[in-house]
file upload_24.txt (compact mmCIF, C-alpha atoms)
# COMPACT_ATOMS: atom_id res chain seq x y z
CA MET A 1 -3.76 -4.79 1.82
CA GLY A 2 -0.59 -3.61 0.51
CA SER A 3 -1.34 -4.89 -2.80
CA LEU A 4 -4.56 -4.00 -4.52
CA THR A 5 -4.91 -0.25 -4.40
CA GLU A 6 -1.68 0.24 -6.23
CA ALA A 7 -3.18 1.43 -9.45
CA ALA A 8 -6.17 3.59 -8.74
CA ALA A 9 -4.32 6.61 -7.57
CA GLY A 10 -1.68 6.07 -10.16
CA ALA A 11 -3.05 8.16 -12.91
CA SER A 12 -2.89 11.40 -11.01
CA ALA A 13 0.31 10.66 -9.15
CA ALA A 14 2.14 9.60 -12.22
CA ARG A 15 0.93 12.68 -14.04
CA SER A 16 2.04 14.76 -11.11
CA ALA A 17 5.48 13.23 -11.19
CA GLY A 18 5.92 14.19 -14.80
CA THR A 19 5.64 10.58 -15.97
CA PRO A 20 2.73 8.68 -17.45
CA PRO A 21 0.22 7.26 -14.98
CA THR A 22 1.48 4.27 -13.16
CA PRO A 23 -0.28 1.29 -11.71
CA LEU A 24 -0.37 1.71 -8.10
CA PRO A 25 0.47 -2.58 -3.86
CA LEU A 26 -5.07 -4.20 1.25
CA SER A 27 -10.94 -1.64 3.30
CA CYS A 28 -13.24 1.11 3.01
CA THR A 29 -15.61 -1.14 4.75
CA SER A 30 -13.95 -4.29 3.67
CA ARG A 31 -11.13 -5.66 1.61
CA VAL A 32 -12.13 -3.23 -1.06
CA CYS A 33 -9.87 -0.78 0.65
CA ALA A 34 -7.11 -3.25 0.68
CA VAL A 35 -7.59 -3.84 -2.95
CA THR A 36 -7.50 -0.17 -3.60
CA MET A 37 -4.37 0.09 -1.64
CA ALA A 38 -2.29 -2.09 -3.79
CA PHE A 39 -3.66 -0.25 -6.74
CA SER A 40 -2.83 3.22 -5.56
CA GLU A 41 0.64 2.55 -4.35
CA GLU A 42 2.18 1.71 -7.65
CA ASP A 43 0.68 4.79 -9.14
CA GLY A 44 2.13 7.30 -6.83
CA THR A 45 -0.49 8.34 -4.41
CA ASN A 46 1.72 8.80 -1.49
CA GLY A 47 4.41 11.27 -1.39
CA GLY A 48 4.93 11.90 -4.96
CA SER A 49 5.60 14.93 -7.03
CA SER A 50 2.88 17.06 -8.58
CA GLU A 51 4.10 18.82 -11.69
CA ALA A 52 1.01 18.04 -13.72
CA SER A 53 -1.23 19.77 -11.26
CA GLU A 54 0.85 22.90 -11.60
CA GLU A 55 0.62 22.69 -15.38
CA ARG A 56 -3.13 22.39 -15.20
CA GLY A 57 -3.37 25.07 -12.56
CA ALA A 58 -5.24 22.54 -10.42
CA THR A 59 -3.30 23.26 -7.29
CA GLY A 60 -2.66 26.91 -6.59
CA LYS A 61 -1.60 25.87 -3.14
CA ARG A 62 1.31 23.93 -4.56
CA ARG A 63 2.42 26.99 -6.47
CA ARG A 64 2.25 29.17 -3.38
CA LEU A 65 4.05 26.63 -1.26
CA GLY A 66 6.60 25.99 -3.99
CA PHE A 67 10.00 25.32 -2.52
CA LEU A 68 8.66 24.52 0.93
CA ALA A 69 6.25 21.86 -0.33
CA THR A 70 8.85 20.25 -2.57
CA THR A 71 11.43 20.22 0.22
CA TRP A 72 8.96 18.57 2.60
CA LEU A 73 7.99 15.92 0.03
CA ILE A 74 11.65 15.14 -0.64
CA PHE A 75 12.28 14.78 3.08
CA TYR A 76 9.18 12.64 3.54
CA ASN A 77 10.04 10.28 0.70
CA ILE A 78 13.66 9.95 1.80
CA ALA A 79 12.51 9.16 5.33
CA MET A 80 10.04 6.54 4.11
CA THR A 81 12.62 4.97 1.80
CA ALA A 82 15.06 4.78 4.70
CA GLY A 83 12.43 3.35 7.02
CA TRP A 84 11.52 0.52 4.69
CA LEU A 85 15.20 -0.12 4.01
CA VAL A 86 15.77 -0.48 7.76
CA LEU A 87 12.87 -2.91 7.82
CA ALA A 88 14.33 -4.93 4.95
CA ILE A 89 17.75 -5.13 6.60
CA ALA A 90 16.17 -6.20 9.90
CA MET A 91 14.23 -8.97 8.15
CA VAL A 92 17.31 -10.30 6.35
CA ARG A 93 19.43 -10.14 9.50
CA PHE A 94 16.79 -11.96 11.56
CA TYR A 95 16.53 -14.80 9.06
CA MET A 96 20.30 -15.14 8.75
CA GLU A 97 20.70 -15.33 12.53
CA LYS A 98 17.68 -17.49 13.37
CA GLY A 99 17.26 -19.51 10.20
CA THR A 100 13.48 -19.38 10.54
CA HIS A 101 10.61 -16.98 9.99
CA ARG A 102 9.13 -17.73 13.40
CA GLY A 103 9.44 -14.63 15.55
CA LEU A 104 10.21 -12.41 12.56
CA TYR A 105 7.06 -10.31 12.83
CA LYS A 106 7.55 -9.75 16.54
CA SER A 107 11.11 -8.55 15.95
CA ILE A 108 10.19 -5.96 13.31
CA GLN A 109 6.66 -5.00 14.33
CA LYS A 110 7.54 -1.67 15.94
CA THR A 111 9.33 -0.43 12.82
CA LEU A 112 6.54 -1.71 10.58
CA LYS A 113 3.79 -0.09 12.64
CA PHE A 114 5.62 3.22 12.87
CA PHE A 115 6.31 3.70 9.18
CA GLN A 116 3.01 2.28 7.99
CA THR A 117 1.10 4.53 10.39
CA PHE A 118 3.33 7.46 9.43
CA ALA A 119 1.89 7.09 5.94
CA LEU A 120 -1.28 8.77 7.23
CA LEU A 121 0.53 11.99 6.33
CA GLU A 122 -0.15 11.12 2.71
CA ILE A 123 -3.82 11.88 3.30
CA VAL A 124 -2.78 15.27 4.70
CA HIS A 125 -0.68 15.89 1.57
CA CYS A 126 -3.81 15.45 -0.54
CA LEU A 127 -5.98 17.54 1.76
CA ILE A 128 -3.65 20.55 1.63
CA GLY A 129 -3.10 20.19 -2.11
CA ILE A 130 0.62 19.50 -2.37
CA VAL A 131 -0.08 16.14 -3.99
CA PRO A 132 -2.85 16.16 -6.64
CA THR A 133 -4.38 12.79 -5.80
CA SER A 134 -7.88 11.99 -4.61
CA VAL A 135 -8.20 12.14 -0.84
CA LEU A 136 -10.63 9.21 -1.03
CA VAL A 137 -8.28 6.98 -3.00
CA THR A 138 -5.33 7.82 -0.78
CA GLY A 139 -7.41 7.32 2.34
CA VAL A 140 -8.51 3.90 1.13
CA GLN A 141 -4.95 2.98 0.28
CA VAL A 142 -3.49 3.99 3.61
CA SER A 143 -6.35 2.68 5.72
CA SER A 144 -6.21 -0.72 4.03
CA ARG A 145 -2.58 -1.17 5.03
CA ILE A 146 -3.28 0.03 8.54
CA PHE A 147 -6.21 -2.38 8.69
CA MET A 148 -3.89 -5.26 7.81
CA VAL A 149 -1.21 -4.20 10.27
CA TRP A 150 -3.29 -3.18 13.31
CA LEU A 151 -6.63 -4.98 13.04
CA VAL A 152 -5.39 -8.28 11.67
CA THR A 153 -1.74 -9.09 12.31
CA HIS A 154 -1.25 -7.05 15.49
CA SER A 155 -4.59 -7.95 17.05
CA ILE A 156 -4.54 -11.68 16.32
CA LYS A 157 -1.20 -12.76 17.72
CA PRO A 158 -1.49 -16.51 16.96
CA ILE A 159 -1.18 -15.76 13.23
CA GLN A 160 2.01 -13.70 13.48
CA ASN A 161 4.22 -16.72 12.75
CA GLU A 162 2.30 -17.75 9.64
CA GLU A 163 4.35 -18.04 6.44
CA SER A 164 1.76 -15.82 4.75
CA VAL A 165 2.80 -12.90 6.95
CA VAL A 166 6.31 -13.16 5.53
CA LEU A 167 4.86 -13.13 2.01
CA PHE A 168 3.10 -9.79 2.37
CA LEU A 169 5.93 -8.29 4.44
CA VAL A 170 8.47 -9.03 1.70
CA ALA A 171 6.12 -7.80 -1.03
CA TRP A 172 5.29 -4.59 0.86
CA THR A 173 8.92 -3.88 1.72
CA VAL A 174 10.32 -4.21 -1.80
CA THR A 175 7.36 -2.30 -3.23
CA GLU A 176 7.73 0.59 -0.80
CA ILE A 177 11.49 0.92 -1.20
CA THR A 178 11.01 1.08 -4.95
CA ARG A 179 8.05 3.44 -4.80
CA TYR A 180 9.43 5.98 -2.36
CA SER A 181 12.83 6.05 -4.03
CA PHE A 182 11.05 6.66 -7.33
CA TYR A 183 9.25 9.66 -5.84
CA THR A 184 12.45 10.98 -4.29
CA PHE A 185 14.50 10.89 -7.49
CA ASN A 186 11.57 12.28 -9.47
CA LEU A 187 11.30 15.27 -7.14
CA LEU A 188 15.04 15.80 -7.50
CA ASP A 189 14.67 15.71 -11.32
CA HIS A 190 17.19 12.90 -11.51
CA LEU A 191 15.39 9.61 -12.06
CA PRO A 192 17.69 6.65 -12.81
CA TYR A 193 16.25 4.34 -15.44
CA PHE A 194 16.62 1.32 -13.17
CA ILE A 195 14.36 2.88 -10.54
CA LYS A 196 11.76 3.66 -13.16
CA TRP A 197 12.09 0.17 -14.62
CA ALA A 198 11.83 -1.45 -11.19
CA ARG A 199 8.72 0.50 -10.27
CA TYR A 200 6.94 -0.61 -13.43
CA ASN A 201 8.13 -4.23 -13.41
CA PHE A 202 8.46 -5.46 -9.85
CA PHE A 203 4.71 -5.25 -9.30
CA ILE A 204 4.21 -8.09 -11.80
CA ILE A 205 5.47 -10.52 -9.15
CA LEU A 206 5.07 -8.51 -5.95
CA TYR A 207 1.42 -7.67 -6.49
CA PRO A 208 0.16 -11.28 -6.63
CA VAL A 209 2.57 -12.32 -3.86
CA GLY A 210 1.35 -9.52 -1.59
CA VAL A 211 -2.30 -10.27 -2.27
CA ALA A 212 -1.75 -13.98 -1.65
CA GLY A 213 -0.01 -13.22 1.63
CA GLU A 214 -2.76 -10.92 2.79
CA LEU A 215 -5.55 -13.33 1.87
CA LEU A 216 -3.84 -16.30 3.49
CA THR A 217 -3.19 -14.28 6.63
CA ILE A 218 -6.82 -13.22 6.91
CA TYR A 219 -7.88 -16.81 6.26
CA ALA A 220 -5.61 -18.01 9.06
CA ALA A 221 -7.17 -15.42 11.38
CA LEU A 222 -10.76 -16.58 10.80
CA PRO A 223 -10.86 -19.42 13.37
CA TYR A 224 -9.48 -17.18 16.11
CA VAL A 225 -11.89 -14.39 15.28
CA LYS A 226 -14.87 -16.76 15.22
CA LYS A 227 -13.91 -18.37 18.52
CA SER A 228 -13.15 -15.15 20.39
CA GLY A 229 -15.84 -12.91 18.86
CA MET A 230 -13.30 -10.09 18.79
CA PHE A 231 -14.39 -6.69 17.46
CA SER A 232 -17.94 -8.00 17.15
CA ILE A 233 -21.08 -6.40 18.57
CA ARG A 234 -23.87 -8.73 19.62
CA LEU A 235 -27.55 -8.11 20.13
CA PRO A 236 -29.25 -7.12 22.29
CA ASN A 237 -27.56 -3.85 23.13
CA LYS A 238 -28.77 -0.32 23.79
CA TYR A 239 -27.89 0.83 20.27
CA ASN A 240 -29.72 -2.10 18.65
CA VAL A 241 -26.79 -2.59 16.29
CA SER A 242 -24.83 -5.74 15.51
CA PHE A 243 -21.53 -6.31 13.76
CA ASP A 244 -19.69 -9.57 13.15
CA TYR A 245 -15.98 -9.17 12.47
CA TYR A 246 -15.77 -12.76 11.22
CA TYR A 247 -18.19 -12.10 8.37
CA PHE A 248 -16.55 -8.74 7.73
CA LEU A 249 -13.30 -10.56 7.05
CA LEU A 250 -15.07 -13.00 4.75
CA ILE A 251 -16.55 -10.13 2.75
CA THR A 252 -13.15 -8.51 2.62
CA MET A 253 -11.62 -11.66 1.16
CA ALA A 254 -14.44 -12.05 -1.36
CA SER A 255 -13.89 -8.51 -2.63
CA TYR A 256 -10.58 -9.62 -4.15
CA ILE A 257 -12.34 -11.80 -6.71
CA PRO A 258 -13.76 -8.97 -8.85
CA LEU A 259 -11.15 -6.35 -8.02
CA PHE A 260 -7.80 -8.09 -8.34
CA PRO A 261 -7.96 -8.93 -12.10
CA GLN A 262 -9.33 -5.49 -12.98
CA LEU A 263 -6.63 -3.61 -11.08
CA TYR A 264 -3.80 -5.90 -12.12
CA PHE A 265 -4.55 -5.55 -15.83
CA HIS A 266 -4.86 -1.79 -15.40
CA MET A 267 -1.34 -1.80 -13.97
CA LEU A 268 -0.07 -3.78 -16.93
CA ARG A 269 -1.59 -1.22 -19.30
CA GLN A 270 0.10 1.62 -17.44
CA ARG A 271 3.39 -0.28 -17.63
CA ARG A 272 3.11 -0.46 -21.41
CA LYS A 273 2.44 3.27 -21.56
CA VAL A 274 5.48 4.19 -19.51
CA LEU A 275 8.09 1.68 -20.63
CA HIS A 276 7.02 1.09 -24.22
CA GLY A 277 5.28 4.33 -25.12
CA GLU A 278 2.07 2.66 -26.20
CA VAL A 279 -0.96 4.90 -26.53
CA ILE A 280 -3.81 3.19 -24.75
CA VAL A 281 -7.32 4.59 -24.78
CA GLU A 282 -9.27 3.53 -21.73
CA LYS A 283 -13.05 3.67 -21.63
CA ASP A 284 -14.65 6.16 -19.30
CA ASP A 285 -16.88 4.67 -16.63

call {"tool": "encode", "arguments": {"input": "upload_24.txt", "output": "structure tokens"}}
result
Amino acid sequence: MGSLTEAAAGASAARSAGTPPTPLPLSCTSRVCAVTMAFSEEDGTNGGSSEASEERGATGKRRRLGFLATTWLIFYNIAMTAGWLVLAIAMVRFYMEKGTHRGLYKSIQKTLKFFQTFALLEIVHCLIGIVPTSVLVTGVQVSSRIFMVWLVTHSIKPIQNEESVVLFLVAWTVTEITRYSFYTFNLLDHLPYFIKWARYNFFIILYPVGVAGELLTIYAALPYVKKSGMFSIRLPNKYNVSFDYYYFLLITMASYIPLFPQLYFHMLRQRRKVLHGEVIVEKDD
């Protein structure tokens, strides 16, 4: 979830931040959202700055809000950076004290749920025009993470001690600290090169690690979902509608096959633009 959408929203967010479009870390109706999530995150869907929209005159609202909007976005990104830093420290401390990953998710779940759910404000940012990114792309990005947190890991407790959960937690945490700090410094017009470098390089490892963690976690959840029939609607019922959460998860996993390579290579192209100044012409759909 936290991995695939990280590039789709990138073009507009990166433009808005005054930098070239960036690849953005998993369910519109399936894992497609998750995929989109990883994609949009690296690109700057979430809290980011929006200078390009002002230049194009695309967001008059941003101009009217001006100082207030910028101040709020700075506060939001600082808060999110701090939240994910707290999460990272808690994870390291737990492992140092316990020497195992078992029980890790339970110990940090409240912090994780709070800050990941808090990211719903990013959809509001798009709706009111202070961030010039597609509401659809941002909604997919945020909902895919929330899907992974609430409808998979939270709801299916037997999988919370799986090693795969640690994989996506680590990938998400490092990605979010890097991403939100990038937005913060960009809004303050003081972007250290290391932060820029980290944002456009860490995804090379974190993106596949996050996707692997998410897929393995969903895979581990399948037997429990099939046995319990959770979130499924069986016929007959008065609405004459059926839904099988087990097959929904299978479709979600299958959606990675076409989407992951496409989004990952897009991110690599954006990296070359930003760090190496290459001019890359992409075909219009």

call {"tool": "atom_distance", "arguments": {"input": "upload_24.txt", "atom1": "atom CA of A:Pro258", "atom2": "atom CA of A:Trp172"}}
result
21.8 Å

call {"tool": "closest_residue", "arguments": {"input": "upload_24.txt", "among": "A:Tyr207, A:Leu169, A:Ile195, A:Ile108", "to": "A:Pro261", "atoms": "all atoms listed in the file"}}
result
A:Tyr207

call {"tool": "closest_residue", "arguments": {"input": "upload_24.txt", "among": "A:Val92, A:His101, A:Phe194, A:Ala220", "to": "A:Met253", "atoms": "all atoms listed in the file"}}
result
A:Ala220

call {"tool": "atom_distance", "arguments": {"input": "upload_24.txt", "atom1": "atom CA of A:Thr70", "atom2": "atom CA of A:Thr184"}}
result
10.1 Å

call {"tool": "residues_around", "arguments": {"input": "upload_24.txt", "residues": "A:Tyr246", "least_positions_apart": "4", "cutoff": "7 Å", "atoms": "all atoms listed in the file", "output": "list in words"}}
result
Leu222, Val225, Lys226 and Leu250 of chain A

call {"tool": "atom_distance", "arguments": {"input": "upload_24.txt", "atom1": "atom CA of A:Ile78", "atom2": "atom CA of A:Asn186"}}
result
11.7 Å

call {"tool": "residues_around", "arguments": {"input": "upload_24.txt", "residues": "A:Tyr247", "least_positions_apart": "3", "cutoff": "12 Å", "atoms": "all atoms listed in the file", "output": "ChimeraX atom specification"}}
result
/A:29-31,218-219,221-223,225-226,229-232,242-244,250-254

call {"tool": "closest_residue", "arguments": {"input": "upload_24.txt", "among": "A:Pro132, A:His154, A:Asn77, A:Leu188", "to": "A:Lys110", "atoms": "all atoms listed in the file"}}
result
A:His154

call {"tool": "residues_around", "arguments": {"input": "upload_24.txt", "residues": "A:Thr173", "least_positions_apart": "4", "cutoff": "7 Å", "atoms": "only C-alpha atoms", "output": "VMD selection string"}}
result
chain A and resid 84 88 169 177

call {"tool": "residues_around", "arguments": {"input": "upload_24.txt", "residues": "A:Arg93", "least_positions_apart": "6", "cutoff": "12 Å", "atoms": "all atoms listed in the file", "output": "list of chain:residue names"}}
result
A:Val86, A:Leu87, A:Gly99, A:Thr100, A:His101, A:Leu104, A:Ser107, A:Ile108

call {"tool": "residues_near_point", "arguments": {"input": "upload_24.txt", "point": "(4.0, -14.7, 8.4)", "cutoff": "10 Å", "atoms": "only C-alpha atoms", "output": "list in words"}}
result
His101, Arg102, Gly103, Leu104, Tyr105, Thr153, Ile159, Gln160, Asn161, Glu162, Glu163, Ser164, Val165, Val166, Leu167, Phe168, Leu169, Val170, Gly213, Glu214, Leu216 and Thr217 of chain A

call {"tool": "closest_residue", "arguments": {"input": "upload_24.txt", "among": "A:Leu206, A:Leu73, A:Val124, A:Leu268", "to": "A:Thr138", "atoms": "all atoms listed in the file"}}
result
A:Val124

call {"tool": "closest_residue", "arguments": {"input": "upload_24.txt", "among": "A:Met96, A:Leu259, A:Leu121, A:Leu249", "to": "A:Met80", "atoms": "all atoms listed in the file"}}
result
A:Leu121

call {"tool": "closest_residue", "arguments": {"input": "upload_24.txt", "among": "A:Ile257, A:Val209, A:Leu120, A:Met267", "to": "A:Ser144", "atoms": "all atoms listed in the file"}}
result
A:Leu120

call {"tool": "axis_aligned_box", "arguments": {"input": "upload_24.txt", "around": "stretch 237-240 of chain A", "padding_each_side": "6 Å", "output": "lines of an AutoDock Vina configuration file"}}
result
center_x = -28.6
center_y = -1.5
center_z = 21.2
size_x = 14.2
size_y = 16.7
size_z = 17.1
